[in-house]
$ cat work.cif   # mmCIF, C-alpha atoms
data_model
loop_
_atom_site.label_atom_id
_atom_site.label_comp_id
_atom_site.auth_asym_id
_atom_site.auth_seq_id
_atom_site.Cartn_x
_atom_site.Cartn_y
_atom_site.Cartn_z
CA MET K 432 295.00 51.99 198.11
CA ASN K 433 296.26 51.06 194.66
CA TYR K 434 296.20 53.01 191.41
CA PHE K 435 295.59 51.95 187.82
CA LEU K 436 294.97 53.19 184.29
CA VAL K 437 292.44 51.72 181.87
CA LYS K 438 292.27 52.48 178.17
CA SER K 439 289.28 52.67 175.87
CA GLU K 440 288.83 53.81 172.31
CA PRO K 441 286.32 56.66 172.58
CA PHE K 442 284.23 55.42 169.66
CA LYS K 443 283.73 52.12 171.55
CA TYR K 444 283.28 53.47 175.08
CA SER K 445 284.02 57.08 175.90
CA TRP K 446 284.50 58.96 179.14
CA GLU K 447 281.31 60.86 178.30
CA LYS K 448 279.32 57.63 177.88
CA PHE K 449 280.80 56.28 181.12
CA ASN K 450 279.57 59.39 182.95
CA ILE K 451 276.08 58.97 181.47
CA ASP K 452 276.00 55.27 182.44
CA GLY K 453 277.31 56.01 185.95
CA ARG K 454 278.74 52.49 186.34
CA THR K 455 280.18 49.83 184.08
CA PHE K 456 282.01 46.55 184.18
CA TRP K 457 285.39 46.68 182.45
CA ASP K 458 285.19 43.85 179.92
CA GLY K 459 286.92 42.69 176.77
CA VAL K 460 290.33 42.19 178.37
CA ARG K 461 291.99 39.29 176.56
CA ASN K 462 295.60 39.74 177.63
CA TYR K 463 296.87 37.75 180.61
CA GLN K 464 299.00 40.58 182.00
CA ALA K 465 296.04 42.99 181.87
CA ARG K 466 293.75 40.29 183.32
CA ASN K 467 296.13 39.82 186.23
CA THR K 468 296.04 43.56 186.85
CA LEU K 469 292.22 43.44 186.93
CA ARG K 470 292.52 40.67 189.52
CA ASP K 471 294.71 42.98 191.65
CA MET K 472 292.11 45.77 191.72
CA LYS K 473 290.35 46.17 195.05
CA GLU K 474 287.22 48.06 196.02
CA GLY K 475 288.09 51.73 196.53
CA ASP K 476 291.17 51.73 194.26
CA LEU K 477 291.42 54.70 191.90
CA VAL K 478 291.66 54.40 188.13
CA LEU K 479 292.61 56.87 185.42
CA PHE K 480 290.42 56.61 182.30
CA TYR K 481 292.42 57.05 179.09
CA HIS K 482 291.07 57.62 175.58
CA SER K 483 293.27 55.65 173.19
CA ASN K 484 293.75 56.13 169.45
CA GLU K 485 291.75 59.32 168.82
CA ASP K 486 292.36 61.65 171.76
CA LYS K 487 295.28 59.85 173.40
CA ALA K 488 294.58 61.54 176.73
CA VAL K 489 293.66 60.80 180.33
CA MET K 490 290.12 62.10 180.65
CA GLY K 491 289.14 61.46 184.27
CA ILE K 492 289.25 59.48 187.48
CA ALA K 493 287.14 56.43 188.29
CA LYS K 494 286.87 54.15 191.30
CA VAL K 495 286.67 50.37 191.62
CA VAL K 496 283.33 49.49 193.25
CA GLU K 497 283.33 45.73 192.69
CA GLU K 498 286.36 43.48 192.62
CA SER K 499 287.09 40.99 189.86
CA TYR K 500 284.54 38.41 188.78
CA GLN K 501 283.86 36.26 185.71
CA ASP K 502 283.51 38.33 182.51
CA PRO K 503 279.80 37.99 181.62
CA THR K 504 280.56 38.47 177.90
CA THR K 505 282.34 35.10 177.68
CA THR K 506 282.03 31.60 179.10
CA ASP K 507 285.82 31.27 179.29
CA PRO K 508 286.68 31.32 183.02
CA ASN K 509 290.11 32.86 182.28
CA TRP K 510 288.66 36.34 181.77
CA LEU K 511 287.57 38.78 184.45
CA VAL K 512 285.92 42.17 184.84
CA VAL K 513 285.74 44.78 187.60
CA ASP K 514 283.00 47.36 188.15
CA LEU K 515 283.96 51.03 187.92
CA VAL K 516 282.15 54.30 188.58
CA PRO K 517 283.29 57.72 187.34
CA LEU K 518 284.42 60.15 190.03
CA GLU K 519 285.54 63.30 188.24
CA SER K 520 286.68 64.64 184.92
CA LEU K 521 290.10 66.19 184.66
CA LYS K 522 289.84 69.93 184.08
CA ASN K 523 292.43 69.54 181.31
CA PRO K 524 292.81 66.09 179.73
CA VAL K 525 296.44 64.96 179.95
CA THR K 526 297.76 63.89 176.57
CA LEU K 527 300.16 61.08 175.83
CA ALA K 528 302.61 63.69 174.51
CA GLN K 529 302.50 65.51 177.86
CA ILE K 530 303.01 62.23 179.73
CA LYS K 531 305.98 61.29 177.53
CA ALA K 532 307.52 64.72 178.09
CA GLU K 533 307.40 64.32 181.87
CA GLU K 534 310.63 62.74 183.16
CA MET K 535 309.03 61.06 186.18
CA LEU K 536 306.48 59.29 183.93
CA LYS K 537 308.93 57.89 181.36
CA ASP K 538 308.70 54.34 182.74
CA ILE K 539 304.93 53.94 183.14
CA HIS K 540 303.31 51.09 181.22
CA LEU K 541 301.40 53.55 179.03
CA VAL K 542 304.75 54.65 177.59
CA ARG K 543 306.65 51.35 177.78
CA GLN K 544 303.85 48.87 176.94
CA GLY K 545 301.34 51.01 175.11
CA ARG K 546 299.20 48.11 173.90
CA LEU K 547 298.13 47.06 177.41
CA SER K 548 294.54 48.08 178.16
CA VAL K 549 294.80 47.83 181.96
CA MET K 550 297.93 48.76 183.90
CA PRO K 551 299.08 49.59 187.42
CA LEU K 552 300.44 53.00 188.41
CA LYS K 553 302.59 54.02 191.35
CA PRO K 554 300.90 56.52 193.70
CA GLU K 555 303.29 59.30 192.65
CA GLU K 556 302.60 58.60 188.95
CA PHE K 557 298.85 58.78 189.53
CA ASP K 558 299.22 62.00 191.55
CA LYS K 559 301.45 63.59 188.90
CA ILE K 560 298.99 62.89 186.07
CA VAL K 561 296.07 64.20 188.15
CA ALA K 562 298.07 67.35 188.99
CA MET K 563 298.88 67.84 185.30
CA GLY K 564 295.15 67.74 184.56
CA SER K 565 294.19 70.34 187.19
#

$ encode --input "work.cif" --output "structure tokens"
Amino acid sequence: MNYFLVKSEPFKYSWEKFNIDGRTFWDGVRNYQARNTLRDMKEGDLVLFYHSNEDKAVMGIAKVVEESYQDPTTTDPNWLVVDLVPLESLKNPVTLAQIKAEEMLKDIHLVRQGRLSVMPLKPEEFDKIVAMGS
């Protein structure tokens, strides 16, 4: 199993809206590095959902339920989406400040390449963030 983090501005698509919808395709990715990460996502992989800009916090855990396919919002074949479903909310959202303060998380993409909207995580990084939110 692989682990990832996706970012969304809550005013565009929030964790709350995602839970109401129950399933979504992750679209709008227009960065090749992020697109390649979407391509690496496999059914069953776990994904942290992060609110960018306003809250700057990991809100919950989602799961990949459909692997990458052509982004239906564009005719450009370079862009992909995956389907995600929400699994559970974190009891305590984990803020970017908390993540930056944690020594073992200092090298994750969220800290080093903050503009990426989709990024891989190591299993121990995923587990640490989930534990911080318990």

$ atom_distance --input "work.cif" --atom1 "CA of Arg461 (chain K)" --atom2 "CA of Glu556 (chain K)"
25.3 Å

$ atom_distance --input "work.cif" --atom1 "CA of Val549 (chain K)" --atom2 "CA of Glu533 (chain K)"
20.8 Å

$ closest_residue --input "work.cif" --among "K:Asn484, K:Thr468, K:Asn462, K:Ser565" --to "Ser439 (chain K)" --atoms "only C-alpha atoms"
K:Asn484

$ closest_residue --input "work.cif" --among "K:Asp502, K:Asp486, K:Glu440, K:Glu534" --to "Asp514 (chain K)" --atoms "only C-alpha atoms"
K:Asp502

$ resolve_selection --input "work.cif" --expression "the PyMOL selection byres ((chain K and resi 497) around 7)" --output "list in words"
Glu474, Val495, Val496, Glu498, Ser499, Val513 and Asp514 of chain K

$ write_last_selection --input "work.cif" --atoms "C-alpha atoms" --output "PDB file, keeping the file's coordinate frame"
ATOM      1  CA  GLU K 474     287.220  48.060 196.020  1.00  0.00           C
ATOM      2  CA  VAL K 495     286.670  50.370 191.620  1.00  0.00           C
ATOM      3  CA  VAL K 496     283.330  49.490 193.250  1.00  0.00           C
ATOM      4  CA  GLU K 498     286.360  43.480 192.620  1.00  0.00           C
ATOM      5  CA  SER K 499     287.090  40.990 189.860  1.00  0.00           C
ATOM      6  CA  VAL K 513     285.740  44.780 187.600  1.00  0.00           C
ATOM      7  CA  ASP K 514     283.000  47.360 188.150  1.00  0.00           C
TER       8      ASP K 514
END

$ residues_around --input "work.cif" --residues "Gly459 (chain K)" --least-positions-apart "5" --cutoff "10 Å" --atoms "only C-alpha atoms" --output "number ranges by chain"
K: 466, 502-505, 510-512, 548

$ atom_distance --input "work.cif" --atom1 "CA of Phe449 (chain K)" --atom2 "CA of Gly491 (chain K)"
10.3 Å

$ resolve_selection --input "work.cif" --expression "the PyMOL selection byres ((chain K and resi 525) around 9)" --output "ChimeraX atom specification"
/K:481,487-490,521,523-524,526-530,560-561,563-564

$ write_last_selection --input "work.cif" --atoms "C-alpha atoms" --output "mmCIF file, in the coordinates of the input"
data_model
loop_
_atom_site.group_PDB
_atom_site.id
_atom_site.type_symbol
_atom_site.label_atom_id
_atom_site.label_comp_id
_atom_site.auth_asym_id
_atom_site.auth_seq_id
_atom_site.Cartn_x
_atom_site.Cartn_y
_atom_site.Cartn_z
ATOM 1 C CA TYR K 481 292.420 57.050 179.090
ATOM 2 C CA LYS K 487 295.280 59.850 173.400
ATOM 3 C CA ALA K 488 294.580 61.540 176.730
ATOM 4 C CA VAL K 489 293.660 60.800 180.330
ATOM 5 C CA MET K 490 290.120 62.100 180.650
ATOM 6 C CA LEU K 521 290.100 66.190 184.660
ATOM 7 C CA ASN K 523 292.430 69.540 181.310
ATOM 8 C CA PRO K 524 292.810 66.090 179.730
ATOM 9 C CA THR K 526 297.760 63.890 176.570
ATOM 10 C CA LEU K 527 300.160 61.080 175.830
ATOM 11 C CA ALA K 528 302.610 63.690 174.510
ATOM 12 C CA GLN K 529 302.500 65.510 177.860
ATOM 13 C CA ILE K 530 303.010 62.230 179.730
ATOM 14 C CA ILE K 560 298.990 62.890 186.070
ATOM 15 C CA VAL K 561 296.070 64.200 188.150
ATOM 16 C CA MET K 563 298.880 67.840 185.300
ATOM 17 C CA GLY K 564 295.150 67.740 184.560
#

$ closest_residue --input "work.cif" --among "K:Pro517, K:Asn509, K:Leu552, K:Tyr434" --to "Asn467 (chain K)" --atoms "only C-alpha atoms"
K:Asn509

$ resolve_selection --input "work.cif" --expression "the PyMOL selection byres ((chain K and resi 444) around 12)" --output "VMD selection string"
chain K and resid 437 to 443 445 to 452 455 to 459 480 to 483

$ write_last_selection --input "work.cif" --atoms "C-alpha atoms" --output "compact mmCIF listing (two decimals), in the coordinates of the input"
# COMPACT_ATOMS: atom_id res chain seq x y z
CA VAL K 437 292.44 51.72 181.87
CA LYS K 438 292.27 52.48 178.17
CA SER K 439 289.28 52.67 175.87
CA GLU K 440 288.83 53.81 172.31
CA PRO K 441 286.32 56.66 172.58
CA PHE K 442 284.23 55.42 169.66
CA LYS K 443 283.73 52.12 171.55
CA SER K 445 284.02 57.08 175.90
CA TRP K 446 284.50 58.96 179.14
CA GLU K 447 281.31 60.86 178.30
CA LYS K 448 279.32 57.63 177.88
CA PHE K 449 280.80 56.28 181.12
CA ASN K 450 279.57 59.39 182.95
CA ILE K 451 276.08 58.97 181.47
CA ASP K 452 276.00 55.27 182.44
CA THR K 455 280.18 49.83 184.08
CA PHE K 456 282.01 46.55 184.18
CA TRP K 457 285.39 46.68 182.45
CA ASP K 458 285.19 43.85 179.92
CA GLY K 459 286.92 42.69 176.77
CA PHE K 480 290.42 56.61 182.30
CA TYR K 481 292.42 57.05 179.09
CA HIS K 482 291.07 57.62 175.58
CA SER K 483 293.27 55.65 173.19

$ closest_residue --input "work.cif" --among "K:Lys494, K:Arg454, K:Lys559, K:Lys531" --to "Gly545 (chain K)" --atoms "all atoms listed in the file"
K:Lys531

$ build_atoms --input "work.cif" --residues "region 528-551 of chain K" --atoms "N, CA and C atoms" --output "CSV table (one decimal), in the coordinates of the input"
chain,number,residue,atom,x,y,z
K,528,ALA,N,301.4,62.9,174.8
K,528,ALA,CA,302.6,63.7,174.5
K,528,ALA,C,303.1,64.4,175.8
K,529,GLN,N,302.1,64.9,176.6
K,529,GLN,CA,302.5,65.5,177.9
K,529,GLN,C,303.1,64.5,178.8
K,530,ILE,N,302.5,63.3,178.8
K,530,ILE,CA,303.0,62.2,179.7
K,530,ILE,C,304.4,61.8,179.3
K,531,LYS,N,304.6,61.7,178.0
K,531,LYS,CA,306.0,61.3,177.5
K,531,LYS,C,307.0,62.4,177.8
K,532,ALA,N,306.6,63.6,177.9
K,532,ALA,CA,307.5,64.7,178.1
K,532,ALA,C,307.9,64.9,179.6
K,533,GLU,N,307.2,64.2,180.4
K,533,GLU,CA,307.4,64.3,181.9
K,533,GLU,C,308.4,63.2,182.3
K,534,GLU,N,309.5,63.7,182.8
K,534,GLU,CA,310.6,62.7,183.2
K,534,GLU,C,310.2,61.7,184.2
K,535,MET,N,309.4,62.1,185.2
K,535,MET,CA,309.0,61.1,186.2
K,535,MET,C,308.0,60.0,185.7
K,536,LEU,N,307.5,60.2,184.5
K,536,LEU,CA,306.5,59.3,183.9
K,536,LEU,C,307.0,58.5,182.8
K,537,LYS,N,308.3,58.6,182.5
K,537,LYS,CA,308.9,57.9,181.4
K,537,LYS,C,308.9,56.4,181.4
K,538,ASP,N,308.7,55.8,182.6
K,538,ASP,CA,308.7,54.3,182.7
K,538,ASP,C,307.3,53.7,183.0
K,539,ILE,N,306.2,54.5,182.9
K,539,ILE,CA,304.9,53.9,183.1
K,539,ILE,C,304.6,53.0,182.0
K,540,HIS,N,303.7,52.1,182.2
K,540,HIS,CA,303.3,51.1,181.2
K,540,HIS,C,302.7,51.8,180.0
K,541,LEU,N,302.0,52.9,180.2
K,541,LEU,CA,301.4,53.6,179.0
K,541,LEU,C,302.5,53.9,178.0
K,542,VAL,N,303.6,54.3,178.5
K,542,VAL,CA,304.8,54.6,177.6
K,542,VAL,C,305.5,53.4,177.1
K,543,ARG,N,305.8,52.5,178.1
K,543,ARG,CA,306.6,51.4,177.8
K,543,ARG,C,305.9,50.2,177.1
K,544,GLN,N,304.7,50.0,177.5
K,544,GLN,CA,303.8,48.9,176.9
K,544,GLN,C,302.5,49.4,176.5
K,545,GLY,N,302.5,50.3,175.5
K,545,GLY,CA,301.3,51.0,175.1
K,545,GLY,C,300.1,50.2,174.7
K,546,ARG,N,300.3,48.9,174.4
K,546,ARG,CA,299.2,48.1,173.9
K,546,ARG,C,298.4,47.5,175.1
K,547,LEU,N,298.9,47.6,176.3
K,547,LEU,CA,298.1,47.1,177.4
K,547,LEU,C,296.9,47.9,177.6
K,548,SER,N,295.8,47.3,177.9
K,548,SER,CA,294.5,48.1,178.2
K,548,SER,C,294.3,48.4,179.6
K,549,VAL,N,295.0,47.7,180.5
K,549,VAL,CA,294.8,47.8,182.0
K,549,VAL,C,296.2,47.8,182.6
K,550,MET,N,296.6,48.7,183.4
K,550,MET,CA,297.9,48.8,183.9
K,550,MET,C,298.0,49.4,185.3
K,551,PRO,N,298.9,49.0,186.1
K,551,PRO,CA,299.1,49.6,187.4
K,551,PRO,C,299.9,50.9,187.3
